[in-house]
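Source file: run.pdb. Holds: PDB, C-alpha atoms and all ligand atoms.
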```pdb
ATOM      1  CA  MET A   1      16.991   9.262  27.672  1.00  0.00           C
ATOM      2  CA  THR A   2      20.274  10.824  28.732  1.00  0.00           C
ATOM      3  CA  LYS A   3      23.375   8.646  28.907  1.00  0.00           C
ATOM      4  CA  HIS A   4      25.685   9.394  31.824  1.00  0.00           C
ATOM      5  CA  GLU A   5      29.206   8.131  32.410  1.00  0.00           C
ATOM      6  CA  PHE A   6      30.408   7.399  35.938  1.00  0.00           C
ATOM      7  CA  GLU A   7      33.750   6.211  37.197  1.00  0.00           C
ATOM      8  CA  VAL A   8      33.250   3.730  40.051  1.00  0.00           C
ATOM      9  CA  ALA A   9      36.329   2.404  41.881  1.00  0.00           C
ATOM     10  CA  MET A  10      35.420  -1.243  41.231  1.00  0.00           C
ATOM     11  CA  THR A  11      38.222  -3.751  41.715  1.00  0.00           C
ATOM     12  CA  CYS A  12      36.659  -7.166  41.227  1.00  0.00           C
ATOM     13  CA  GLU A  13      33.584  -9.065  40.100  1.00  0.00           C
ATOM     14  CA  GLY A  14      32.114  -8.672  43.566  1.00  0.00           C
ATOM     15  CA  CYS A  15      32.039  -4.915  43.020  1.00  0.00           C
ATOM     16  CA  SER A  16      30.566  -5.047  39.523  1.00  0.00           C
ATOM     17  CA  GLY A  17      28.036  -7.618  40.748  1.00  0.00           C
ATOM     18  CA  ALA A  18      27.036  -5.311  43.589  1.00  0.00           C
ATOM     19  CA  VAL A  19      26.656  -2.362  41.203  1.00  0.00           C
ATOM     20  CA  THR A  20      24.561  -4.556  38.879  1.00  0.00           C
ATOM     21  CA  ARG A  21      22.222  -5.569  41.707  1.00  0.00           C
ATOM     22  CA  ILE A  22      21.913  -2.001  42.993  1.00  0.00           C
ATOM     23  CA  LEU A  23      20.997  -0.690  39.542  1.00  0.00           C
ATOM     24  CA  ASN A  24      18.660  -3.606  38.795  1.00  0.00           C
ATOM     25  CA  LYS A  25      16.618  -2.572  41.824  1.00  0.00           C
ATOM     26  CA  LEU A  26      15.768   0.693  40.076  1.00  0.00           C
ATOM     27  CA  GLY A  27      13.808  -1.332  37.520  1.00  0.00           C
ATOM     28  CA  ASP A  28      12.898  -0.213  34.008  1.00  0.00           C
ATOM     29  CA  GLU A  29      13.761   3.416  34.656  1.00  0.00           C
ATOM     30  CA  VAL A  30      17.451   2.813  34.099  1.00  0.00           C
ATOM     31  CA  LYS A  31      19.472   1.004  31.472  1.00  0.00           C
ATOM     32  CA  PHE A  32      23.119   0.446  32.195  1.00  0.00           C
ATOM     33  CA  GLU A  33      26.406  -1.042  31.075  1.00  0.00           C
ATOM     34  CA  ILE A  34      29.471  -1.806  33.181  1.00  0.00           C
ATOM     35  CA  ASP A  35      33.103  -1.998  32.092  1.00  0.00           C
ATOM     36  CA  LEU A  36      34.995  -3.489  35.022  1.00  0.00           C
ATOM     37  CA  PRO A  37      38.589  -3.155  33.654  1.00  0.00           C
ATOM     38  CA  LYS A  38      37.986   0.521  32.831  1.00  0.00           C
ATOM     39  CA  LYS A  39      35.995   1.031  36.062  1.00  0.00           C
ATOM     40  CA  LEU A  40      33.244   2.748  34.077  1.00  0.00           C
ATOM     41  CA  VAL A  41      29.472   2.581  34.380  1.00  0.00           C
ATOM     42  CA  TRP A  42      27.150   4.052  31.749  1.00  0.00           C
ATOM     43  CA  ILE A  43      23.609   4.731  32.803  1.00  0.00           C
ATOM     44  CA  GLU A  44      20.726   5.756  30.581  1.00  0.00           C
ATOM     45  CA  SER A  45      18.062   7.368  32.718  1.00  0.00           C
ATOM     46  CA  GLU A  46      15.930  10.467  33.220  1.00  0.00           C
ATOM     47  CA  LYS A  47      16.828  10.497  36.915  1.00  0.00           C
ATOM     48  CA  ASP A  48      19.141  13.300  38.013  1.00  0.00           C
ATOM     49  CA  VAL A  49      22.879  12.870  38.392  1.00  0.00           C
ATOM     50  CA  GLU A  50      22.807  13.420  42.140  1.00  0.00           C
ATOM     51  CA  PHE A  51      20.349  10.563  42.626  1.00  0.00           C
ATOM     52  CA  LEU A  52      22.360   8.249  40.376  1.00  0.00           C
ATOM     53  CA  THR A  53      25.617   9.147  42.160  1.00  0.00           C
ATOM     54  CA  GLU A  54      24.089   8.443  45.579  1.00  0.00           C
ATOM     55  CA  THR A  55      22.691   5.153  44.278  1.00  0.00           C
ATOM     56  CA  LEU A  56      26.100   4.049  42.971  1.00  0.00           C
ATOM     57  CA  LYS A  57      27.788   5.055  46.234  1.00  0.00           C
ATOM     58  CA  LYS A  58      25.729   2.437  48.077  1.00  0.00           C
ATOM     59  CA  CYS A  59      28.212  -0.199  46.908  1.00  0.00           C
ATOM     60  CA  GLY A  60      30.785   1.454  49.196  1.00  0.00           C
ATOM     61  CA  LYS A  61      33.182   2.477  46.425  1.00  0.00           C
ATOM     62  CA  GLU A  62      34.235   5.925  45.307  1.00  0.00           C
ATOM     63  CA  VAL A  63      32.099   7.405  42.533  1.00  0.00           C
ATOM     64  CA  LYS A  64      33.002  10.172  40.090  1.00  0.00           C
ATOM     65  CA  TYR A  65      30.738  11.691  37.454  1.00  0.00           C
ATOM     66  CA  ASN A  66      32.335  12.051  34.007  1.00  0.00           C
ATOM     67  CA  GLY A  67      29.471  13.809  32.236  1.00  0.00           C
ATOM     68  CA  THR A  68      27.007  12.827  29.551  1.00  0.00           C
ATOM     69  CA  LYS A  69      28.006  10.606  26.649  1.00  0.00           C
TER
ATOM     70  CA  VAL B   1      23.983  -5.221  73.131  1.00  0.00           C
ATOM     71  CA  PHE B   2      23.243  -8.053  70.748  1.00  0.00           C
ATOM     72  CA  SER B   3      25.237 -10.071  68.274  1.00  0.00           C
ATOM     73  CA  THR B   4      23.933 -11.550  65.032  1.00  0.00           C
ATOM     74  CA  THR B   5      25.371 -13.455  62.098  1.00  0.00           C
ATOM     75  CA  VAL B   6      23.833 -12.912  58.682  1.00  0.00           C
ATOM     76  CA  GLY B   7      24.682 -14.666  55.426  1.00  0.00           C
ATOM     77  CA  VAL B   8      26.345 -12.582  52.690  1.00  0.00           C
ATOM     78  CA  GLU B   9      26.511 -13.760  49.068  1.00  0.00           C
ATOM     79  CA  GLY B  10      28.363 -12.174  46.171  1.00  0.00           C
ATOM     80  CA  MET B  11      31.728 -11.261  47.689  1.00  0.00           C
ATOM     81  CA  THR B  12      34.774 -12.356  45.713  1.00  0.00           C
ATOM     82  CA  CYS B  13      37.782 -10.941  47.547  1.00  0.00           C
ATOM     83  CA  GLY B  14      39.184  -9.023  50.484  1.00  0.00           C
ATOM     84  CA  SER B  15      38.200  -5.690  49.002  1.00  0.00           C
ATOM     85  CA  CYS B  16      34.529  -6.740  49.030  1.00  0.00           C
ATOM     86  CA  VAL B  17      34.925  -7.667  52.709  1.00  0.00           C
ATOM     87  CA  GLN B  18      36.508  -4.293  53.417  1.00  0.00           C
ATOM     88  CA  SER B  19      33.859  -2.218  51.692  1.00  0.00           C
ATOM     89  CA  ILE B  20      31.105  -3.950  53.673  1.00  0.00           C
ATOM     90  CA  GLU B  21      32.945  -3.641  56.984  1.00  0.00           C
ATOM     91  CA  GLN B  22      33.716   0.008  56.327  1.00  0.00           C
ATOM     92  CA  ARG B  23      30.230   1.055  55.269  1.00  0.00           C
ATOM     93  CA  ILE B  24      28.146  -0.958  57.738  1.00  0.00           C
ATOM     94  CA  GLY B  25      30.662  -0.144  60.479  1.00  0.00           C
ATOM     95  CA  THR B  26      29.723   3.537  60.238  1.00  0.00           C
ATOM     96  CA  PHE B  27      25.989   2.898  60.746  1.00  0.00           C
ATOM     97  CA  SER B  28      24.490   4.184  63.947  1.00  0.00           C
ATOM     98  CA  GLY B  29      24.091   1.400  66.497  1.00  0.00           C
ATOM     99  CA  VAL B  30      26.755  -0.833  64.937  1.00  0.00           C
ATOM    100  CA  ILE B  31      29.449  -1.515  67.500  1.00  0.00           C
ATOM    101  CA  HIS B  32      31.537  -4.049  65.616  1.00  0.00           C
ATOM    102  CA  ILE B  33      31.343  -5.937  62.324  1.00  0.00           C
ATOM    103  CA  LYS B  34      33.449  -8.835  61.109  1.00  0.00           C
ATOM    104  CA  VAL B  35      32.885 -10.150  57.608  1.00  0.00           C
ATOM    105  CA  SER B  36      34.142 -13.564  56.520  1.00  0.00           C
ATOM    106  CA  LEU B  37      34.756 -14.269  52.854  1.00  0.00           C
ATOM    107  CA  GLU B  38      35.130 -18.039  53.418  1.00  0.00           C
ATOM    108  CA  LEU B  39      32.063 -18.437  55.608  1.00  0.00           C
ATOM    109  CA  LYS B  40      30.073 -15.972  53.488  1.00  0.00           C
ATOM    110  CA  ASN B  41      28.707 -14.207  56.499  1.00  0.00           C
ATOM    111  CA  ALA B  42      28.935 -11.132  58.656  1.00  0.00           C
ATOM    112  CA  THR B  43      28.951 -11.140  62.436  1.00  0.00           C
ATOM    113  CA  ILE B  44      27.702  -7.862  63.813  1.00  0.00           C
ATOM    114  CA  ILE B  45      27.573  -6.608  67.380  1.00  0.00           C
ATOM    115  CA  PHE B  46      24.935  -3.924  67.659  1.00  0.00           C
ATOM    116  CA  ASP B  47      22.753  -1.806  69.899  1.00  0.00           C
ATOM    117  CA  GLN B  48      19.268  -3.289  69.703  1.00  0.00           C
ATOM    118  CA  ASN B  49      17.670   0.129  70.196  1.00  0.00           C
ATOM    119  CA  LYS B  50      19.089   1.308  66.879  1.00  0.00           C
ATOM    120  CA  GLN B  51      19.493  -1.800  64.719  1.00  0.00           C
ATOM    121  CA  SER B  52      18.048  -5.283  64.344  1.00  0.00           C
ATOM    122  CA  PRO B  53      19.172  -8.394  62.431  1.00  0.00           C
ATOM    123  CA  ASP B  54      16.573  -7.399  59.810  1.00  0.00           C
ATOM    124  CA  SER B  55      17.767  -3.820  59.407  1.00  0.00           C
ATOM    125  CA  LEU B  56      21.388  -4.971  59.192  1.00  0.00           C
ATOM    126  CA  SER B  57      20.595  -7.622  56.612  1.00  0.00           C
ATOM    127  CA  LEU B  58      18.672  -5.007  54.593  1.00  0.00           C
ATOM    128  CA  ALA B  59      21.626  -2.615  54.805  1.00  0.00           C
ATOM    129  CA  ILE B  60      23.892  -5.285  53.281  1.00  0.00           C
ATOM    130  CA  GLU B  61      21.288  -5.956  50.565  1.00  0.00           C
ATOM    131  CA  ASP B  62      21.202  -2.231  49.894  1.00  0.00           C
ATOM    132  CA  MET B  63      24.927  -2.378  49.107  1.00  0.00           C
ATOM    133  CA  GLY B  64      24.228  -4.878  46.340  1.00  0.00           C
ATOM    134  CA  PHE B  65      25.130  -8.111  48.144  1.00  0.00           C
ATOM    135  CA  GLU B  66      22.616 -10.817  48.898  1.00  0.00           C
ATOM    136  CA  SER B  67      21.994 -11.247  52.564  1.00  0.00           C
ATOM    137  CA  SER B  68      19.984 -13.725  54.574  1.00  0.00           C
ATOM    138  CA  LEU B  69      19.165 -14.203  58.231  1.00  0.00           C
ATOM    139  CA  SER B  70      20.681 -17.553  59.115  1.00  0.00           C
ATOM    140  CA  GLU B  71      19.146 -18.413  62.486  1.00  0.00           C
TER
HETATM  141 CU    CU A 101      35.428  -5.792  44.417  1.00  0.00          CU
HETATM  142 CU    CU A 102      35.972  -8.351  45.807  1.00  0.00          CU
END
```

Now, as a test, write the supplied structure out as structure tokens.
Ligand SMILES: [Cu+2]
Ligand SMILES: [Cu+2]
Amino acid sequence: MTKHEFEVAMTCEGCSGAVTRILNKLGDEVKFEIDLPKKLVWIESEKDVEFLTETLKKCGKEVKYNGTK
Amino acid sequence: VFSTTVGVEGMTCGSCVQSIEQRIGTFSGVIHIKVSLELKNATIIFDQNKQSPDSLSLAIEDMGFESSLSE
């Protein structure tokens, strides 16, 4: 699986909690890690970057793709 | 025009409130939305031809917050 790094403008635990719930809904197809202080989200998935970006944007915060890791 | 109040769980601060108000506020059929951090709810005035309490609650769920229909 490819590991992608995204920058999500999270500011508090509410944001990281929302991102967690959004990604959990995708089920087994994604594995992820969140670093709230660094505002980074790593996602391991075969889904394309566009889909993952749109999914992250649902939380209402700005999302930037940093590339694969 | 209808008004509904739905429960919202998972917000921790004013920025959570803002992101919900901003995003849901842009949805078609939403006339006004006021989110309360203390009461853990959102009061939404909407056009019943375009939205319903269910669709609005689902939209909040979609953002990653837990939402429930209170009435
Ligand atoms: Cu936040
Ligand atoms: Cu917050």

- Message: With all atoms listed in the file considered, list every residue of chain A at most 9 Å from chain B, as number ranges by chain.
- Response: A: 11-15, 17-23, 56-61

- Item | Coordinates-based distance that separates CA of Val8 (chain A) from CA of Val41 (chain A) (Å, one decimal) |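 If I compute the distance from CA of Val41 (chain A) to CA of Val8 (chain A), I get 6.9 Å.
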
- Take CA of Glu50 (chain A) and CA of Leu58 (chain B) and report the distance between them in Å, one decimal.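 Separation between CA of Glu50 (chain A) and CA of Leu58 (chain B): 22.6 Å.
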
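With distances restricted to all atoms listed in the file, A:Leu36 is the closest residue to ligand CU 101 (chain A) from A:Glu29, A:Glu54, A:Thr2, A:Leu36.
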
- Item | Nearest-residue call for ligand CU 101 (chain A), choices A:Asp28, A:Glu46, A:Thr53, A:Lys39, using only C-alpha atoms and all ligand atoms |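 Comparing A:Asp28, A:Glu46, A:Thr53, A:Lys39 against ligand CU 101 (chain A), the winner is A:Lys39.
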
- Task: Please write the residues picked by the PyMOL selection byres (((chain B and resi 55) around 12) and not hetatm) on this file as an NGL selection string.
- Result: :B and (4 or 6 or 24 or 27-30 or 44 or 46-54 or 56-62 or 67-69)

- Query: For Glu33 (chain A), which residue out of A:Met10, A:Asp48, A:Lys3, A:Val63 is the nearest one, using only C-alpha atoms?
  - Reply: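 The shortest atom-to-atom distance to Glu33 (chain A) comes from A:Lys3.
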
- Item | Radius query 10 Å about (35.0, 3.7, 33.6), atoms used: only C-alpha atoms, as a list in words | Glu5, Phe6, Glu7, Val8, Ala9, Met10, Ile34, Asp35, Leu36, Pro37, Lys38, Lys39, Leu40, Val41, Trp42, Lys64, Tyr65 and Asn66 of chain A
